[in-house]
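Enquirer: This is protein.tsv, which holds TSV, C-alpha atoms:
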```tsv
chain	number	residue	atom	x	y	z
A	1	MET	CA	-7.58	8.99	12.65
A	2	GLY	CA	-4.42	9.35	14.71
A	3	LYS	CA	-4.11	12.49	16.80
A	4	GLY	CA	-2.71	15.32	14.71
A	5	VAL	CA	-2.53	13.17	11.54
A	6	ILE	CA	-3.63	14.82	8.30
A	7	VAL	CA	-4.07	12.71	5.17
A	8	ARG	CA	-3.80	14.31	1.75
A	9	PRO	CA	-3.00	13.40	-1.86
A	10	SER	CA	0.71	13.15	-2.54
A	11	VAL	CA	2.40	15.64	-4.85
A	12	ALA	CA	5.71	15.64	-6.73
A	13	ALA	CA	7.30	17.76	-3.99
A	14	ASP	CA	6.82	14.82	-1.56
A	15	ALA	CA	9.26	12.59	-3.46
A	16	ALA	CA	12.21	13.12	-1.10
A	17	ALA	CA	10.09	12.33	1.96
A	18	LEU	CA	8.61	9.27	0.25
A	19	GLN	CA	12.10	8.08	-0.64
A	20	ALA	CA	13.35	8.59	2.92
A	21	ILE	CA	10.47	6.62	4.45
A	22	TYR	CA	10.50	3.82	1.90
A	23	GLY	CA	14.30	3.73	1.77
A	24	HIS	CA	14.40	3.15	5.53
A	25	HIS	CA	12.15	0.11	5.12
A	26	VAL	CA	14.18	-1.20	2.18
A	27	LEU	CA	17.39	-1.05	4.21
A	28	ASN	CA	16.06	-2.09	7.62
A	29	GLY	CA	12.94	-4.15	7.17
A	30	LEU	CA	11.39	-7.12	5.46
A	31	GLY	CA	8.11	-5.51	4.41
A	32	THR	CA	9.51	-4.90	0.93
A	33	PHE	CA	11.74	-7.28	-0.96
A	34	GLU	CA	13.69	-4.48	-2.61
A	35	GLU	CA	17.28	-4.45	-1.36
A	36	ALA	CA	18.50	-1.09	-2.66
A	37	PRO	CA	16.47	2.06	-2.03
A	38	PRO	CA	15.19	3.70	-5.20
A	39	SER	CA	16.29	7.24	-5.93
A	40	VAL	CA	14.11	10.27	-5.27
A	41	GLU	CA	13.53	10.49	-9.02
A	42	GLU	CA	12.43	6.84	-9.19
A	43	MET	CA	10.06	7.34	-6.24
A	44	GLU	CA	8.49	10.27	-8.08
A	45	ARG	CA	8.19	8.20	-11.27
A	46	ARG	CA	6.42	5.44	-9.33
A	47	ARG	CA	4.14	7.90	-7.55
A	48	ALA	CA	3.22	9.63	-10.80
A	49	ALA	CA	2.45	6.28	-12.48
A	50	VAL	CA	-0.05	5.40	-9.74
A	51	VAL	CA	-1.69	8.83	-9.89
A	52	ALA	CA	-1.83	8.71	-13.71
A	53	ARG	CA	-4.01	5.58	-13.43
A	54	GLY	CA	-6.45	7.55	-11.28
A	55	LEU	CA	-5.53	5.57	-8.19
A	56	PRO	CA	-4.86	7.02	-4.74
A	57	TYR	CA	-1.30	7.71	-3.60
A	58	LEU	CA	-1.75	9.45	-0.27
A	59	VAL	CA	0.52	10.78	2.45
A	60	ALA	CA	-0.07	11.31	6.14
A	61	GLU	CA	1.41	14.37	7.80
A	62	ILE	CA	2.13	15.15	11.42
A	63	ASP	CA	3.05	18.75	12.20
A	64	GLY	CA	3.50	19.48	8.48
A	65	ARG	CA	5.97	16.62	7.93
A	66	VAL	CA	5.23	13.55	5.80
A	67	ALA	CA	5.12	10.66	8.28
A	68	GLY	CA	3.65	7.90	6.13
A	69	LEU	CA	2.39	6.90	2.74
A	70	ALA	CA	-0.09	4.47	1.25
A	71	TYR	CA	-1.27	3.78	-2.25
A	72	ALA	CA	-3.17	1.30	-4.38
A	73	ALA	CA	-1.74	-0.09	-7.60
A	74	PRO	CA	-3.09	-2.63	-10.06
A	75	PHE	CA	-2.82	-6.14	-8.60
A	76	ARG	CA	-1.91	-7.63	-11.99
A	77	LEU	CA	-2.03	-6.19	-15.49
A	78	ARG	CA	-4.45	-8.71	-17.03
A	79	ALA	CA	-7.90	-7.34	-17.93
A	80	ALA	CA	-9.81	-9.67	-15.61
A	81	TYR	CA	-8.02	-8.09	-12.63
A	82	ARG	CA	-9.35	-4.61	-13.42
A	83	TYR	CA	-11.45	-4.55	-10.21
A	84	THR	CA	-8.57	-5.59	-7.92
A	85	VAL	CA	-5.77	-3.49	-6.45
A	86	GLU	CA	-2.85	-4.16	-4.16
A	87	ASP	CA	-2.12	-1.74	-1.34
A	88	SER	CA	1.21	-0.60	0.03
A	89	VAL	CA	1.69	1.30	3.28
A	90	TYR	CA	4.86	2.56	4.97
A	91	VAL	CA	5.32	4.69	8.08
A	92	ALA	CA	8.35	6.73	9.15
A	93	PRO	CA	10.13	4.95	12.01
A	94	ASP	CA	9.56	7.83	14.43
A	95	ALA	CA	5.83	7.87	13.67
A	96	VAL	CA	5.04	4.18	14.30
A	97	GLY	CA	2.24	3.72	16.83
A	98	ARG	CA	0.73	7.17	16.25
A	99	GLY	CA	-2.15	6.14	13.99
A	100	VAL	CA	-0.39	7.11	10.76
A	101	GLY	CA	-0.71	3.74	9.03
A	102	ARG	CA	-4.37	3.37	9.97
A	103	ALA	CA	-5.22	6.90	8.84
A	104	VAL	CA	-3.51	6.77	5.47
A	105	LEU	CA	-4.50	3.19	4.57
A	106	SER	CA	-8.13	3.84	5.62
A	107	ALA	CA	-8.20	6.79	3.23
A	108	VAL	CA	-6.79	4.65	0.40
A	109	ILE	CA	-9.46	2.00	1.04
A	110	ALA	CA	-12.20	4.65	0.94
A	111	ALA	CA	-10.82	6.09	-2.32
A	112	CYS	CA	-10.78	2.62	-3.91
A	113	GLU	CA	-14.37	2.04	-2.81
A	114	ASP	CA	-15.31	5.36	-4.41
A	115	LEU	CA	-13.74	4.09	-7.67
A	116	GLY	CA	-16.06	1.08	-7.64
A	117	LEU	CA	-13.25	-1.43	-7.12
A	118	ARG	CA	-14.13	-4.80	-5.62
A	119	GLN	CA	-11.02	-6.33	-4.02
A	120	MET	CA	-7.90	-5.11	-2.23
A	121	ILE	CA	-4.94	-7.39	-1.74
A	122	ALA	CA	-2.12	-6.96	0.75
A	123	VAL	CA	1.10	-8.85	0.06
A	124	ILE	CA	3.01	-8.41	3.30
A	125	GLY	CA	6.68	-9.26	3.55
A	126	ASP	CA	7.55	-11.38	6.60
A	127	SER	CA	4.97	-13.43	8.46
A	128	GLY	CA	6.47	-11.93	11.64
A	129	ASN	CA	5.45	-8.42	10.52
A	130	ALA	CA	2.87	-8.10	13.30
A	131	GLY	CA	2.37	-4.37	12.76
A	132	SER	CA	1.33	-4.66	9.12
A	133	VAL	CA	-0.66	-7.85	9.59
A	134	GLY	CA	-2.46	-6.30	12.58
A	135	LEU	CA	-3.18	-3.05	10.74
A	136	HIS	CA	-4.68	-4.88	7.78
A	137	ARG	CA	-6.72	-7.17	10.03
A	138	ALA	CA	-8.03	-4.16	11.98
A	139	LEU	CA	-9.18	-2.59	8.69
A	140	GLY	CA	-11.16	-5.66	7.66
A	141	TYR	CA	-8.66	-7.68	5.65
A	142	GLU	CA	-8.84	-11.45	6.00
A	143	MET	CA	-5.84	-13.76	6.12
A	144	LYS	CA	-5.68	-15.84	2.96
A	145	GLY	CA	-2.37	-17.60	3.35
A	146	VAL	CA	1.35	-17.58	3.98
A	147	MET	CA	3.87	-18.56	1.36
A	148	PRO	CA	7.10	-19.52	3.12
A	149	GLY	CA	10.59	-18.62	1.99
A	150	LEU	CA	9.80	-16.69	-1.19
A	151	GLY	CA	12.48	-14.06	-0.72
A	152	PHE	CA	15.98	-13.99	0.71
A	153	LYS	CA	16.86	-10.73	2.45
A	154	HIS	CA	19.08	-9.72	5.37
A	155	GLY	CA	20.60	-13.20	5.43
A	156	ARG	CA	17.39	-15.17	5.81
A	157	TRP	CA	14.44	-16.58	3.92
A	158	VAL	CA	11.35	-14.41	4.18
A	159	ASP	CA	7.67	-15.38	3.89
A	160	ILE	CA	4.89	-13.38	2.34
A	161	VAL	CA	1.45	-13.06	3.89
A	162	TRP	CA	-1.59	-12.75	1.62
A	163	MET	CA	-4.55	-10.79	2.95
A	164	GLN	CA	-7.71	-9.69	1.14
A	165	LYS	CA	-10.48	-7.15	1.69
A	166	ALA	CA	-13.73	-7.12	-0.27
A	167	LEU	CA	-14.92	-3.68	-1.39
A	168	ASN	CA	-18.41	-2.72	-2.57
A	169	GLY	CA	-19.81	-6.20	-2.04
A	170	GLY	CA	-16.74	-7.93	-3.43
A	171	ALA	CA	-17.54	-10.92	-5.62
A	172	GLY	CA	-21.15	-11.05	-4.39
A	173	ALA	CA	-22.53	-9.39	-7.53
A	174	PRO	CA	-21.36	-8.31	-10.99
A	175	PRO	CA	-19.35	-5.07	-11.04
A	176	ASP	CA	-21.23	-1.83	-11.49
A	177	ALA	CA	-18.23	0.30	-12.52
A	178	PRO	CA	-15.79	0.03	-15.43
A	179	GLY	CA	-12.76	-0.93	-13.31
A	180	LEU	CA	-9.18	0.10	-13.99
A	181	ALA	CA	-7.92	0.84	-17.47
A	182	LEU	CA	-5.10	-1.67	-17.86
A	183	HIS	CA	-3.46	-0.56	-21.09
A	184	GLY	CA	-1.36	-2.97	-23.11
A	185	VAL	CA	-2.84	-6.17	-21.69
```
Reformat the file's structure so that it appears as C-alpha cells.

Expert:
Amino acid sequence: MGKGVIVRPSVAADAAALQAIYGHHVLNGLGTFEEAPPSVEEMERRRAAVVARGLPYLVAEIDGRVAGLAYAAPFRLRAAYRYTVEDSVYVAPDAVGRGVGRAVLSAVIAACEDLGLRQMIAVIGDSGNAGSVGLHRALGYEMKGVMPGLGFKHGRWVDIVWMQKALNGGAGAPPDAPGLALHGV
C-alpha cells in the first residue's frame, strides 16, 4: 500500500469528496465518457446503489483526506453475468503517483474475491491512459482488446481498452457462491 494511504469503506459523508475527484476526471480526462460532472447528490445515489448490492465502494485517504476511490459494480444486468463485475478507480490529481490507485483497487479486488465473484472487467477510456492501463496490468489484469473511436470527448474520438482479471479460479470451474443478485433481469 502507498505510504500513509488508508483504505476504508465509503460513507455518505464522502459524497462531496467523491464528486470533486470524479468531477475533475469528467472535466479534464478521458477515463470516463461523462461530459458533465454529476452533482454531490447524484454521486451519493450512485455510491449507495453499489453498497446496497453488497459490493465494495472504497475510498483511500491520505492525512485524513479522501484522495481516491474505487468500486465494483455489476458488469451487465443479465443473470448469467452474476459472477462478473466492472471496476472503476479514480485518484485526486494531487495524489497521483502516491500508491492511492493501487491501494484502493487492490482492496476492491480482495473484497470481490471474498464475495466469490469470478471475473473483473476494466473498461478504460483512452488507449493512451497509461496510468490506468499500467495499474490494472500490475494488479493482474490481462489486455483483451481495444475498441477504437467509441466516444467523442474533448474534440476527439476516444478508444476504450478492455482488460480482464480472473478471480477465484475464474472460468476454470463451476461457481461455488451464489453470485450477485441482479433484480429485474

Enquirer: One decimal, in Å: what's the spacing between atom CA of Ala60 of chain A and atom CA of Gly151 of chain A?

Expert: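 Separation of atom CA of Ala60 of chain A and atom CA of Gly151 of chain A: 29.1 Å.
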
Enquirer: Quick check, in Å to one decimal: how far apart do atom CA of Ile21 of chain A and atom CA of Val66 of chain A lie?

Expert: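 Spanning atom CA of Ile21 of chain A to atom CA of Val66 of chain A is a straight-line distance of 8.8 Å.
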
Enquirer: Taking only C-alpha atoms into account, which of A:Glu61, A:Glu86, A:Asp126, A:Glu42 comes nearest Ala103 of chain A?

Expert: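 Using only C-alpha atoms, the shortest distance to Ala103 of chain A belongs to A:Glu61.
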
Enquirer: Mind listing whatever residues come within 8 Å of the point (-16.9, -1.8, -14.1)? Use all atoms listed in the file, file coordinates, and give them as a ChimeraX atom specification.

Expert: /A:83,116-117,175-180

Enquirer: Selection from above, C-alpha atoms, as a PDB file, in the frame of the given file, can you write it?

Expert:
```pdb
ATOM      1  CA  TYR A  83     -11.450  -4.550 -10.210  1.00  0.00           C
ATOM      2  CA  GLY A 116     -16.060   1.080  -7.640  1.00  0.00           C
ATOM      3  CA  LEU A 117     -13.250  -1.430  -7.120  1.00  0.00           C
ATOM      4  CA  PRO A 175     -19.350  -5.070 -11.040  1.00  0.00           C
ATOM      5  CA  ASP A 176     -21.230  -1.830 -11.490  1.00  0.00           C
ATOM      6  CA  ALA A 177     -18.230   0.300 -12.520  1.00  0.00           C
ATOM      7  CA  PRO A 178     -15.790   0.030 -15.430  1.00  0.00           C
ATOM      8  CA  GLY A 179     -12.760  -0.930 -13.310  1.00  0.00           C
ATOM      9  CA  LEU A 180      -9.180   0.100 -13.990  1.00  0.00           C
TER      10      LEU A 180
END
```

Enquirer: Here is a test: counting all atoms listed in the file, which residue of A:Gly128, A:Gly31, A:Pro74, A:Pro38 is nearest to Val89 of chain A?

Expert: A:Gly31

Enquirer: Identify the residues around (1.9, 10.7, 5.5) within a radius of 7 Å, measuring from only C-alpha atoms in the coordinates stated by the file, and give them as an MDAnalysis selection string.

Expert: chainID A and resid 7 58:61 66:69 100 104

Enquirer: Nearest to Ser127 of chain A: which of A:Asp94, A:Asp159, A:Asp14, A:Asp63 is it, counting all atoms listed in the file?

Expert: A:Asp159

Enquirer: Select, from A:Leu105, A:Met147, A:Leu18, A:Ala73, the residue with the minimum atom-to-atom distance to Ala52 of chain A, counting only C-alpha atoms.

Expert: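 Of all the options, A:Ala73 lies closest to Ala52 of chain A.
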
Enquirer: Looking at all atoms listed in the file, which of A:Val40, A:Val96, A:Val158, A:Gln164 is the one that sits closest to Tyr22 of chain A?

Expert: A:Val40

Enquirer: If you measure from atom CA of Arg102 of chain A to atom CA of Pro56 of chain A, what distance in Å do you get, rounded to one decimal?

Expert: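 Going from atom CA of Arg102 of chain A over to atom CA of Pro56 of chain A, I get 15.2 Å.
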